[in-house]
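Encoded as structure tokens, the structure appears first; notes follow it.
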Amino acid sequence: MKQIAEGRAPDQQDKHFRQVFIYTLRAQALDRKLEPFELGRILYHLFKRRGFLSNRKSALRKDEDLGQIKGAIKQLTDRIGIAGCRTLGEYLARIDPEEERIRRRWLGREMVEDEFLRIWEVQARYHPAILTEGLFQAIRKAALWQLPLRNQKNLIGFCELEPDCRRAPWASLEAQRFRCLQKVNDLTVIPKGETARSLSPEERAKLLLALDVQGDMKFSTVRKLLGLPRDSVFNLEAGGEKNLPGNRIVSKLTRVFGERLASFSEADLLRVIEDLRSIEKESALEKRGRTAWGLDQEQADAFSRLSLEPRYCSLSRKAIRRLLPEMEAGVPFATAKKNAYPERSAALRFSLLPPLGEVLPELRNPAVHRVLSELRKVVNALIRRHGRPEYIRVELARDLRRSRFERERMSRVNRIREKERDHARHRIKKEARVQNPSRADIDKVLLAEECAWTCPYTGRHFGMHDLISPSPNMDIEHILPLSRSLDDSFGNKTLCDVQENRNRKGKQTPWEAYGGEPERYAEILARVGRFAGDPKAVSAKLRRFKATDEDLGTLEQAAGRLLTDTRYATRLAARYLGGLYGDDEGVRVQTCSGQITAIIRSSLGLNAVLGADVKNREDHRHHAVDAVAMSLASPAIVKALSDAARDRELHGKRGYGRISEPWAGFIDAVCEKIDPVLASPRVNRKARGQLHEETLYGRVQVEGEDCFVVRKPLQTLSAKQTANSLSIYDIIDPRLRQVVVDAWEASGRQDPKKLFAVENNLPVLTGGNGRRMRVKCVRVRKAISPEPLGEPVRFVNLGSNHHIEVFEISKGKKRQWTGRLVTLHEAARRANNGTAMVDRTSPEDFGKFLFSLTQGEVIRVPAEDGLEAFFRVRTVYMRSSRGLYIDCSPLNDARLKAEIRKGRQWIEFSLNKLREMGATKVSLTPLGEVRAAHD
């Protein structure tokens, strides 16, 4: 292999040889005899990255786009042909890794399979006794065969009108027609300055015909089709919808079959749809299009790429077929449903909320299921105590009707964003030759225009090829790491050079990665300050670049996902609660927006109840204050506020009118009721979670004593010896430790995490044979006592603790509390063995069992003034020298743990301290009533 590295420096020779050796071996396998071990090595390498196999039904990852994947594979195939190479390996062997990256390419499964067949054919001539036909078939099946998708029919929800029937797929003619009729029958047109009217029979027929052929239509197209004035508005359009949905199946098939589709019978259409839904491989569907449907090659290729609408309708085919006759005649869905299912219209009435499975069997969202289950506990407890409420109000996660100014402003912003995305899309098509840019591609261009095509971290300028290509040199990078902030918005994204992102920025905040270099950090912030775009958005992005550890700790967790769940949960909650009232559901269960609650709370001064000018989210009792505000949010109040907003806008004012107090002394009465309220935490005693850390430790002997070591890259070590970090001084091998320390000293004692992140800075160790090797990873001593698990034995550090079992022991007249700490691993073992998770039996020296404490449970402590203090258990742990401890926070404190610690409200109790204070364990009912815990 000497010719590979000819003309290069020794250190470059080794690196280059390692990168291209295996590809060179794959190329040589086509022409010369390989030793069996060489053949095994290249087959392992070949199948380890066996390439992308197009599957029409499998979902892509979030950052993948099917058109981009196929385009990259075709581009690579063309390059292989132009280079005159026989296989993928031969092409990759000719690439100079110093000039072009070998990895990070989209490979097609056909490329890998073709190379395997060629190599096997050649090498079988040299090894006929080894490379038999049986071995060939076994290897081919094991390496290239792909398991078909599992049938998931059992997960399809049930129809709300026909409970025994599964929901109909949107990829069916009945569901498409049902949705189209539902929208058109509900459609009304609002001419400017006139009252709303329904569509005439002629307009309705004309629109349905167009929707059946063309598919989705913009409302501007609908106006043009029906000859309506441009300033007229449709009710669905005013509600925020962008398009009128049509028959998406027929519109797609028309693009393939053309005018022939009109001659297809209903049976033919059903067979075509079944082909599209059942055939997974594009090649098989392309062949089916040619042989069964008489398509030419171009049409068959287009047919194989068709994908029908996923997901399912809320109704079954049986219910849809029962509703369609009336809906075809123009009857709205609600009326047709009432006529076809009168027994369903007469809603059941429950004395208490039944289990969710009886009312909402189709519910699949686990987060929403949890929300509604907790709602059931609270509502049923209220009914048992006070009887059925006269009215129930549910707060919706949607805004109050916005003013005309706000609507126009948001509309302008949305139009500007759409134009920017369209401009970026056209630019990608023109400059990058990508015909179907993905959302990620468009985001890349928008981010590039924002930062003026300059990497904010390195200052390096880049172009479109660096941005969008099979091997891009720029990454979309989250400013605040996604794993820690859960912020996937455009405002938390920028671009970063690939190598900089891999080797330096990584999963750190800008401050963590560059805060130790003030000059470079200032240059980065200056580049961000010059970003183009809305000044408010640029300022918000700059704040993210400046965010320190404290700022990151206060971010809202999973805000986008939780908001989505709240909206869905609120709609289902109103439906669930309606079962308490039967036919009066629509009157008794009312909804209002969160903005309404905020307006009423602010107008009445209810924020002062918890001692703040604004909503105090640091106290769980703010939910009780919201409940007071919601109780006043009658439909009359909501309408009055909305009208006041409109009237004040006409007079050039902002805000809403004031609300008078329901009675004199209202605020004092609310304070009196809110002050003793206790939040009832949900206690999770299940043994679920990470049972132990992922790291496996090795046991070695040093100077006759056992110690535990872990293998770590040098750039993860620290120069400081602390309890929570691994230090370069903890390297177990004395020679390696000395070499690393010397390299660190020679660098002027730079931060090892930054020093050893650069390959040329890695220390060099000379072996016994004179060979020089760069030190990348070392074994480091870890001061822990891990537990042995499994066979063969592996040592792991057990994860979190599950609970503590508290006992009272007596020594003469002196009483003491002691405890037994139970890890999550031990609790899970007990549960799996069918034994009690809390062991109440104690050894002789432990004495009498009192209670157990786990995260979320409540402790009551008598206070000197006769009042009682309540604390929520946050953590139980063992201090090696001081025994068992329990970390608590005030029960009503709603802040994150980091914020509570910062505010010095985090309280550490030893067991005997709790005994001296007279503490007891209590439980709280869903209504916040205190009960003794009978452990």
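The way I read the labels, and the way they are meant: chains A, B, ... in the order of the structure tokens, residue 1 as the first residue of every chain, and ligand 1 as the first ligand shown, with later ones counted on from there.
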
Once DSSP has gone over the backbone, tell me which residues of segment 36-283 of chain A are in alpha helix (DSSP H), as JSON, numbers by chain. {"A": [36, 37, 38, 39, 40, 41, 42, 43, 44, 45, 46, 47, 48, 66, 67, 68, 69, 70, 71, 72, 73, 74, 75, 76, 77, 78, 79, 80, 81, 82, 88, 89, 90, 91, 92, 93, 109, 110, 111, 112, 113, 114, 115, 116, 117, 118, 119, 120, 121, 122, 123, 124, 125, 126, 133, 134, 135, 136, 137, 138, 139, 140, 141, 142, 143, 144, 173, 174, 175, 176, 177, 178, 179, 180, 181, 182, 183, 184, 185, 186, 201, 202, 203, 204, 205, 206, 207, 208, 209, 210, 211, 212, 213, 214, 219, 220, 221, 222, 223, 224, 225, 226, 235, 236, 237, 238, 248, 249, 250, 251, 252, 253, 254, 255, 256, 257, 266, 267, 268, 269, 270, 271, 272, 273, 274, 275, 276, 277, 278, 282, 283]}

Within 7 Å of Cys180 of chain A using only C-alpha atoms, minus same-chain residues under 4 positions, as a ChimeraX atom specification: /A:176,184,245-247

Among listed residues A:Lys913, A:Gly81, A:Ile130, A:Met111, nearest Pro36 of chain A (using only C-alpha atoms):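 Distance minimum relative to Pro36 of chain A lands on A:Ile130.
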
Neighbour list for segment 202-206 of chain A as JSON, numbers by chain, cut-off 9 Å, only C-alpha atoms, skip fewer than 4 positions in-chain: {"A": [184, 185, 210, 211, 225, 226, 330]}

Writing out the chosen residues with N, CA, C and O atoms as a compact mmCIF listing (two decimals), in the first residue's frame:
```
# COMPACT_ATOMS: atom_id res chain seq x y z
N VAL A 184 -67.99 21.85 2.06
CA VAL A 184 -68.82 22.62 1.12
C VAL A 184 -70.19 22.90 1.71
O VAL A 184 -70.74 24.00 1.55
N ASN A 185 -70.79 21.91 2.40
CA ASN A 185 -72.11 22.12 2.99
C ASN A 185 -72.09 23.15 4.11
O ASN A 185 -73.11 23.78 4.40
N ALA A 210 -65.33 20.67 -9.37
CA ALA A 210 -63.94 21.13 -9.47
C ALA A 210 -63.08 20.49 -8.38
O ALA A 210 -61.94 20.08 -8.62
N LEU A 211 -63.60 20.41 -7.16
CA LEU A 211 -62.84 19.82 -6.05
C LEU A 211 -62.58 18.34 -6.29
O LEU A 211 -61.54 17.81 -5.87
N LEU A 225 -63.62 30.81 -9.58
CA LEU A 225 -64.43 29.76 -10.20
C LEU A 225 -65.92 30.11 -10.14
O LEU A 225 -66.65 29.92 -11.11
N LEU A 226 -66.36 30.65 -8.99
CA LEU A 226 -67.78 30.94 -8.80
C LEU A 226 -68.16 32.35 -9.26
O LEU A 226 -69.34 32.74 -9.16
N GLY A 330 -76.95 18.22 0.33
CA GLY A 330 -76.65 19.54 0.89
C GLY A 330 -76.89 19.68 2.37
O GLY A 330 -76.76 20.78 2.91
```

Skipping near chain neighbours, those fewer than 3 positions away, what residues fall within 8 Å of segment 354-357 of chain A using only C-alpha atoms, listed as an MDAnalysis selection string? chainID A and resid 350 360:361 369 372:373 376

Calculated over only C-alpha atoms, which of the candidates A:Ser718, A:Gln123, A:Gln75, A:Asn801 has the smallest distance to Glu826 of chain A? A:Asn801

Which of these residues is nearest to Val378 of chain A, using only C-alpha atoms: A:Gly579, A:Gly928, A:Pro470, A:Pro734? A:Gly928

Give me, as a list in words, all polymer residues having an atom no more than 7 Å from Ala574 of chain A, counting only C-alpha atoms and skipping those fewer than 3 positions away in the same chain. Val394, Thr570, Arg571, Leu577, Gly578 and Val589 of chain A

Could those residues be written to a file, using C-alpha atoms, as a PDB file, in the first residue's frame?
```pdb
ATOM      1  CA  VAL A 394     -62.965  24.961  30.705  1.00  0.00           C
ATOM      2  CA  THR A 570     -59.248  20.880  26.336  1.00  0.00           C
ATOM      3  CA  ARG A 571     -61.496  19.900  23.454  1.00  0.00           C
ATOM      4  CA  LEU A 577     -67.494  16.638  31.036  1.00  0.00           C
ATOM      5  CA  GLY A 578     -70.578  16.951  28.845  1.00  0.00           C
ATOM      6  CA  VAL A 589     -70.125  23.042  29.717  1.00  0.00           C
TER       7      VAL A 589
END
```

I'd like the contact shell of Lys318 of chain A - 9 Å cut-off, only C-alpha atoms, skipping same-chain residues fewer than 6 positions apart - returned as a PyMOL selection string. chain A and resi 162+165+168

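The residue that comes closest to Arg179 of chain A, out of A:Cys313, A:Ala381, A:Leu363, A:Leu285 and on the basis of only C-alpha atoms, is A:Cys313.
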
Please extract the residues of segment 436-539 of chain A with a backbone DSSP assignment of strand (DSSP E or B) and present them as a list in words.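 The strand (DSSP E or B) residues within segment 436-539 of chain A come out as Thr454, His461, Met474, Asp475, Ile476, Glu477, His478, Lys493, Thr494, Leu495, Cys496 and Asp497 of chain A.
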
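Closest to Phe264 of chain A among A:Tyr877, A:Phe666, A:Phe462, A:Trp293 is A:Trp293, based on only C-alpha atoms.
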
Leu632 of chain A: which residues within 9 Å, counting only C-alpha atoms, same-chain residues fewer than 6 positions away excluded, as a compact mmCIF listing (two decimals) with C-alpha atoms, in the first residue's frame?
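Contents of part36.txt, as written:
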```
# COMPACT_ATOMS: atom_id res chain seq x y z
CA THR A 597 -58.87 34.54 32.23
CA ILE A 600 -60.43 39.24 34.18
CA PRO A 662 -69.08 41.14 42.14
```

Counting only C-alpha atoms, figure out which residue out of A:Lys338, A:Arg527, A:Arg588, A:Arg271 gets nearest to Arg388 of chain A. A:Arg588

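Atom CA of Tyr312 of chain A is positioned 8.8 Å from atom CA of Ala175 of chain A.
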
Quick one: pull the distance between atom CA of Pro481 of chain A and atom CA of Gly506 of chain A, Å, one decimal.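 So the answer is 8.3 Å.
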